[in-house]
4 protein chains.
Amino acid sequence: MVGGDKPNAGLRAPKKTEDPRIERSRRLIRRAAVQELGEVGYGAFTIESVAARAGVGKSTIYRHWTDKLALIADALETFHEELVPDLEDAQPRERVDRLVRHVAEIVADSTFSACIPALIEGAERDPQVREFHHRYAAERRESLINVIQAGVAKGDFPAQVDPELAALTLLGAIFYKRLMSREPFDPERSGELVGAVLGRQQTA
Amino acid sequence: MVGGDKPNAGLRAPKKTEDPRIERSRRLIRRAAVQELGEVGYGAFTIESVAARAGVGKSTIYRHWTDKLALIADALETFHEELVPDLEDAQPRERVDRLVRHVAEIVADSTFSACIPALIEGAERDPQVREFHHRYAAERRESLINVIQAGVAKGDFPAQVDPELAALTLLGAIFYKRLMSREPFDPERSGELVGAVLGRQQTA
Amino acid sequence: MVGGDKPNAGLRAPKKTEDPRIERSRRLIRRAAVQELGEVGYGAFTIESVAARAGVGKSTIYRHWTDKLALIADALETFHEELVPDLEDAQPRERVDRLVRHVAEIVADSTFSACIPALIEGAERDPQVREFHHRYAAERRESLINVIQAGVAKGDFPAQVDPELAALTLLGAIFYKRLMSREPFDPERSGELVGAVLGRQQTA
Amino acid sequence: MVGGDKPNAGLRAPKKTEDPRIERSRRLIRRAAVQELGEVGYGAFTIESVAARAGVGKSTIYRHWTDKLALIADALETFHEELVPDLEDAQPRERVDRLVRHVAEIVADSTFSACIPALIEGAERDPQVREFHHRYAAERRESLINVIQAGVAKGDFPAQVDPELAALTLLGAIFYKRLMSREPFDPERSGELVGAVLGRQQTA
DNA sequence: CGCTAACCGAGACGGTACGTCCCGTCTTTAC
DNA sequence: GTAAAGACGGGACGTACCGTCTCGGTTAGCG
């Protein structure tokens, strides 16, 4: 979690097990928040509306998250897993392809995508959000760099490829398109993109 | 202009010259708005704060712009010129280098840079801002694409380079670094970046 | 109440008891409003100033009254009781004396007195205030008329006395002095006044 | 004048004759002000509206009067004459009758009447307005007192009549009715009123 | 009859209050 | 004892006028 939510972090001794209603509320609220985000977007996202949608009092939300941004960030955390789910052992090129395509798909269309601008802006103002956002992006980038590195070592990609720079251009192109133009990057073109940066497949 | 402001549009005959105070107010307010945007971001951007910063009454702002968004959009318009100032006739590679470096420098540090997150967030929330932001980015991209295309035609870059994709990766890398990590893209590395995407200089 | 406030009208079943903060806020605000009215008058009466004076947020006022006028009208309602508190069974002359003196005293000096000009001005501008102001004055006048009538019937006052006209002159003199000259009508002279209008006491 | 208008009070020596435009503007504005007052009442009286009605710039009004109240008071001054126009030498009773009826008529319906509340309120807050309002009322009262006094001296009214108290009740009744009820005092009843206070006509 | 001073209309300006909306906090009551 | 309901203080929104001010353009009346 980003911080901002306040689970019984500091061992409130006397409480053995957590009231089951608490987890129920959290789940309801998180779900409502994600729905709200998807439907009205970040701009019109309102705590009061989330509360209404979740059938919950406003105070219940503030009991579990410090503010709007914390709720959003936490709700997004949910997606974290779904973003590194390709731990297969295909060949490097294949793995890069899948990774890039996966990112492109998520960026092209998902609740997560709708929140990217908010995260960027939030990161600019709030250290907590920044930490979360950067760490998150770094993990994503790291895994891509590693795969590219492996490919270079294995000779699948040209030797002069700088993995870090390559990862930057691959991800950059996808996010840039999403943030700077009407249309997101088409996932179907991810193969092309990889080819442009790492060289065409020298298929026999 | 993006819209929202109400200048002397459409030559209203009877008004010969404009009251000089008007332009002065507009200038002060625009400047204050950009500063505000850079400092507090889109979400916390406040007309009242802009008015205070500009040393102007709130009503003066509403006299010239219909609402907050119109002011933001118009204030950002200000940057339009400063960002396409490289109309030289060097060789294509050199021109790409300079263009990319120029973008990197601006993104690394400038008043404009401070507004990028606000701009992205604003584009997501408001159609007016979006229109401006996208058009603006498109122009920037367009000029880079043209130069790359010329280079490909001339044989300075590999034939298989897709100019549009290449531009996307070049710019993407720069913005991605700025928005997704602690450090902006170092302008000194723009040569490397161009090399990675368009091939190393095949110098003698 | 005059209207404008929105109390538990129409027995909304599910709400048993009212939040005690509500009544507390209402009381504080009403008091502040009356003070404000007395001090700055109707024209300069400001919701924001009332809020500050009551140590309350502006929104709390708007939560309980629809607008400025509703608040003013309701706040003035407060005085209603304090002004007809002489239901004794003395002789008619005595009762008239006391009633007139009571009015003179209130008009000479009281929180209410400070509001009379505001009330008059308000009545001229706003139908709601007017309704209240007139109804209120009518009740006051009515009770005086009744007592005079009783006195005439009983032979304590000359037969040709027109009770309604007499009440008008008695009250009129008091208010006229307050509103049209530096000094209010001296309550000590109320006996004289009654004598002038209803004839001297034909004591043995 | 109440004060507030600023004619060439302090003998600006070099100016022989006044620019005729000035007087013209003053006249237009005064007239517009009175019309406005009559039509929309004091509450909705707006300087901007008066300016428009007079076909004059707002600044022209403020050039000649300090503020709204000064303009209104000055416009009312116009009526001052029409309020003491009964300098005949009838019998005292007749003169009182006419005076009272005249006041009743003015109070019952005139532009002046519409401003009484504003004057009362203004007098409460602004010393200048107070001075004007009180002096004005005093003159009116004085003339009535004098006539009554003459009548008492001449034996037309009972000896025990206190002229000052009598005047207070006569005027008070008329103003009270105007300010405290829906209907103003009916001028037709002024004879009755005088009779009630000064005794019936002991006609043969 | 042409020049210059002033007055003028127009309206921009800094302000202030309006009544609305939503935030994030805090209190109360019901379950 | 917890959670819903929702009152609360706060503060920005965009609007309407206020009373002040600056701007050129027009007009009166002197020379």
# chains A, B, ... in the order shown; residues from 1 in each chain; ligands from 1

$ select_by_dssp --residues "segment 98-191 of chain C" --states "helix (DSSP H, G or I)" --output "PyMOL selection string"
chain C and resi 98-108+111-125+127-154+163-180+187-191

$ residues_around --residues "segment 14-28 of chain F" --least-positions-apart "2" --cutoff "8 Å" --atoms "only C-alpha atoms (C1' of nucleotides)" --output "list of chain:residue names"
B:Asp19, B:Asp67, D:Asp19, D:Tyr62, D:Asp67, E:DC8, E:DC13, E:DC18

$ residues_around --residues "segment 34-46 of chain D" --least-positions-apart "2" --cutoff "8 Å" --atoms "only C-alpha atoms (C1' of nucleotides)" --output "list of chain:residue names"
C:Glu124, C:Arg125, D:Arg30, D:Arg31, D:Ala32, D:Glu48, D:Ser49, D:Val50, D:Lys68, D:Ile72, D:Ala75, D:Leu76, D:Ser110, D:Thr111, D:Ala114, D:Cys115, D:Ala118

$ atom_distance --atom1 "atom CA of Ala159 of chain D" --atom2 "atom CA of Ala166 of chain C"
19.9 Å

$ calpha_fit_rmsd --fixed "chain B" --moving "chain D"
1.5 Å

$ closest_atom_pairs --of "chain F" --to "chain C" --cutoff "9 Å" --atoms "only C-alpha atoms (C1' of nucleotides)" --output "CSV"
residue,atom,partner,partner_atom,distance
F:DA7,C1',C:Arg21,CA,7.2
F:DC8,C1',C:Thr60,CA,7.0
F:DG9,C1',C:Gly57,CA,5.0
F:DG10,C1',C:Gly57,CA,7.0

$ atom_distance --atom1 "atom CA of Gln160 of chain B" --atom2 "atom CA of Leu99 of chain B"
21.3 Å

$ closest_residue --among "D:Ala51, D:Ala150, D:Leu168, D:Ala108" --to "Arg26 of chain D" --atoms "only C-alpha atoms"
D:Ala51

$ residues_around --residues "Ala123 of chain B" --least-positions-apart "5" --cutoff "7 Å" --atoms "only C-alpha atoms (C1' of nucleotides)" --output "list in words"
Val129, Arg130 and His133 of chain B

$ closest_atom_pairs --of "chain B" --to "chain A" --cutoff "7 Å" --atoms "only C-alpha atoms" --output "tab-separated table"
residue	atom	partner	partner_atom	distance
B:Gly41	CA	A:Glu121	CA	7.0
B:Pro117	CA	A:Glu121	CA	5.0
B:Ala118	CA	A:Glu121	CA	6.1
B:Ile120	CA	A:Pro117	CA	5.9
B:Glu121	CA	A:Pro117	CA	4.8
B:Glu124	CA	A:Pro117	CA	6.9
B:Arg125	CA	A:Gly43	CA	5.1
B:His133	CA	A:Met180	CA	7.0
B:His134	CA	A:Ser181	CA	5.0
B:Ala137	CA	A:Met180	CA	6.0
B:Val161	CA	A:Ala196	CA	6.9
B:Leu165	CA	A:Leu193	CA	6.9
B:Leu168	CA	A:Ala173	CA	5.0
B:Thr169	CA	A:Ala173	CA	4.5
B:Leu170	CA	A:Thr169	CA	6.5
B:Gly172	CA	A:Gly172	CA	3.9
B:Ala173	CA	A:Gly172	CA	4.5
B:Phe175	CA	A:Gly172	CA	7.0
B:Tyr176	CA	A:Gly172	CA	4.9
B:Leu179	CA	A:Ile120	CA	6.4
B:Met180	CA	A:His134	CA	5.6
B:Ser181	CA	A:His134	CA	5.2
B:Ala196	CA	A:Val161	CA	6.9
B:Val197	CA	A:Val197	CA	5.8

$ closest_atom_pairs --of "chain E" --to "chain D" --cutoff "12 Å" --atoms "only C-alpha atoms (C1' of nucleotides)" --output "CSV"
residue,atom,partner,partner_atom,distance
E:DA5,C1',D:Asp19,CA,11.4
E:DA6,C1',D:Asp19,CA,8.3
E:DC7,C1',D:Arg21,CA,7.5
E:DC8,C1',D:Thr60,CA,7.5
E:DG9,C1',D:Gly57,CA,5.0
E:DA10,C1',D:Gly57,CA,6.9
E:DG11,C1',D:Gly57,CA,9.1

$ atom_distance --atom1 "atom CA of Ile29 of chain D" --atom2 "atom CA of Glu77 of chain D"
13.9 Å

$ decode --residues "segment 102-143 of chain A" --atoms "N, CA and C atoms" --output "short mmCIF file (atom, residue, chain, number, x, y, z; two decimals), in the first residue's frame"
data_model
loop_
_atom_site.label_atom_id
_atom_site.label_comp_id
_atom_site.auth_asym_id
_atom_site.auth_seq_id
_atom_site.Cartn_x
_atom_site.Cartn_y
_atom_site.Cartn_z
N HIS A 102 2.23 -6.85 -23.12
CA HIS A 102 1.43 -6.81 -21.90
C HIS A 102 1.29 -5.38 -21.37
N VAL A 103 2.42 -4.69 -21.33
CA VAL A 103 2.38 -3.30 -20.88
C VAL A 103 1.49 -2.48 -21.81
N ALA A 104 1.66 -2.70 -23.10
CA ALA A 104 0.87 -1.94 -24.07
C ALA A 104 -0.62 -2.17 -23.86
N GLU A 105 -0.97 -3.40 -23.57
CA GLU A 105 -2.38 -3.71 -23.37
C GLU A 105 -2.94 -3.01 -22.14
N ILE A 106 -2.18 -3.09 -21.09
CA ILE A 106 -2.63 -2.44 -19.86
C ILE A 106 -2.75 -0.94 -20.04
N VAL A 107 -1.76 -0.37 -20.67
CA VAL A 107 -1.78 1.07 -20.88
C VAL A 107 -2.90 1.47 -21.84
N ALA A 108 -3.18 0.59 -22.78
CA ALA A 108 -4.20 0.92 -23.78
C ALA A 108 -5.58 0.97 -23.16
N ASP A 109 -5.81 0.09 -22.21
CA ASP A 109 -7.17 0.08 -21.71
C ASP A 109 -7.30 -0.69 -20.42
N SER A 110 -7.47 0.04 -19.36
CA SER A 110 -7.70 -0.58 -18.07
C SER A 110 -7.98 0.52 -17.07
N THR A 111 -8.51 0.10 -16.00
CA THR A 111 -8.76 1.08 -14.95
C THR A 111 -7.43 1.70 -14.53
N PHE A 112 -6.43 0.85 -14.52
CA PHE A 112 -5.11 1.36 -14.16
C PHE A 112 -4.71 2.50 -15.08
N SER A 113 -4.92 2.31 -16.33
CA SER A 113 -4.53 3.32 -17.30
C SER A 113 -5.17 4.67 -16.99
N ALA A 114 -6.42 4.61 -16.59
CA ALA A 114 -7.14 5.85 -16.29
C ALA A 114 -6.48 6.63 -15.17
N CYS A 115 -5.68 5.93 -14.36
CA CYS A 115 -5.10 6.59 -13.20
C CYS A 115 -3.68 7.08 -13.41
N ILE A 116 -3.10 6.71 -14.52
CA ILE A 116 -1.72 7.11 -14.73
C ILE A 116 -1.52 8.62 -14.59
N PRO A 117 -2.34 9.42 -15.24
CA PRO A 117 -2.12 10.87 -15.11
C PRO A 117 -2.20 11.32 -13.66
N ALA A 118 -3.14 10.77 -12.95
CA ALA A 118 -3.27 11.15 -11.54
C ALA A 118 -2.03 10.76 -10.75
N LEU A 119 -1.50 9.59 -11.07
CA LEU A 119 -0.30 9.14 -10.38
C LEU A 119 0.87 10.06 -10.68
N ILE A 120 0.99 10.45 -11.91
CA ILE A 120 2.08 11.32 -12.32
C ILE A 120 2.01 12.65 -11.58
N GLU A 121 0.81 13.21 -11.63
CA GLU A 121 0.60 14.48 -10.92
C GLU A 121 0.82 14.30 -9.42
N GLY A 122 0.24 13.25 -8.87
CA GLY A 122 0.39 13.00 -7.44
C GLY A 122 1.85 12.84 -7.06
N ALA A 123 2.60 12.15 -7.90
CA ALA A 123 4.02 11.92 -7.62
C ALA A 123 4.77 13.24 -7.55
N GLU A 124 4.30 14.19 -8.33
CA GLU A 124 4.99 15.48 -8.39
C GLU A 124 4.84 16.25 -7.08
N ARG A 125 3.73 16.03 -6.38
CA ARG A 125 3.42 16.85 -5.19
C ARG A 125 3.63 16.12 -3.89
N ASP A 126 3.38 14.81 -3.91
CA ASP A 126 3.36 14.06 -2.65
C ASP A 126 4.46 13.01 -2.63
N PRO A 127 5.39 13.13 -1.70
CA PRO A 127 6.53 12.21 -1.62
C PRO A 127 6.11 10.76 -1.52
N GLN A 128 5.04 10.51 -0.76
CA GLN A 128 4.57 9.15 -0.59
C GLN A 128 4.12 8.56 -1.93
N VAL A 129 3.33 9.34 -2.62
CA VAL A 129 2.87 8.87 -3.91
C VAL A 129 4.06 8.73 -4.85
N ARG A 130 4.98 9.67 -4.78
CA ARG A 130 6.14 9.59 -5.65
C ARG A 130 6.89 8.29 -5.41
N GLU A 131 7.13 8.01 -4.15
CA GLU A 131 7.87 6.80 -3.80
C GLU A 131 7.19 5.59 -4.43
N PHE A 132 5.90 5.51 -4.20
CA PHE A 132 5.14 4.39 -4.73
C PHE A 132 5.22 4.31 -6.26
N HIS A 133 4.96 5.44 -6.87
CA HIS A 133 4.93 5.50 -8.32
C HIS A 133 6.28 5.12 -8.93
N HIS A 134 7.34 5.65 -8.38
CA HIS A 134 8.67 5.38 -8.93
C HIS A 134 9.09 3.94 -8.69
N ARG A 135 8.83 3.47 -7.51
CA ARG A 135 9.21 2.10 -7.21
C ARG A 135 8.50 1.14 -8.16
N TYR A 136 7.27 1.42 -8.32
CA TYR A 136 6.39 0.63 -9.15
C TYR A 136 6.90 0.60 -10.60
N ALA A 137 7.20 1.79 -11.09
CA ALA A 137 7.71 1.91 -12.47
C ALA A 137 9.08 1.24 -12.57
N ALA A 138 9.87 1.38 -11.52
CA ALA A 138 11.21 0.81 -11.54
C ALA A 138 11.14 -0.72 -11.63
N GLU A 139 10.23 -1.30 -10.89
CA GLU A 139 10.09 -2.75 -10.93
C GLU A 139 9.74 -3.22 -12.33
N ARG A 140 8.79 -2.56 -12.89
CA ARG A 140 8.35 -2.87 -14.24
C ARG A 140 9.55 -2.79 -15.21
N ARG A 141 10.29 -1.69 -15.08
CA ARG A 141 11.42 -1.45 -15.97
C ARG A 141 12.52 -2.49 -15.74
N GLU A 142 12.75 -2.73 -14.46
CA GLU A 142 13.81 -3.67 -14.08
C GLU A 142 13.63 -5.02 -14.76
N SER A 143 12.41 -5.51 -14.67
CA SER A 143 12.20 -6.84 -15.23
C SER A 143 12.45 -6.83 -16.74
#
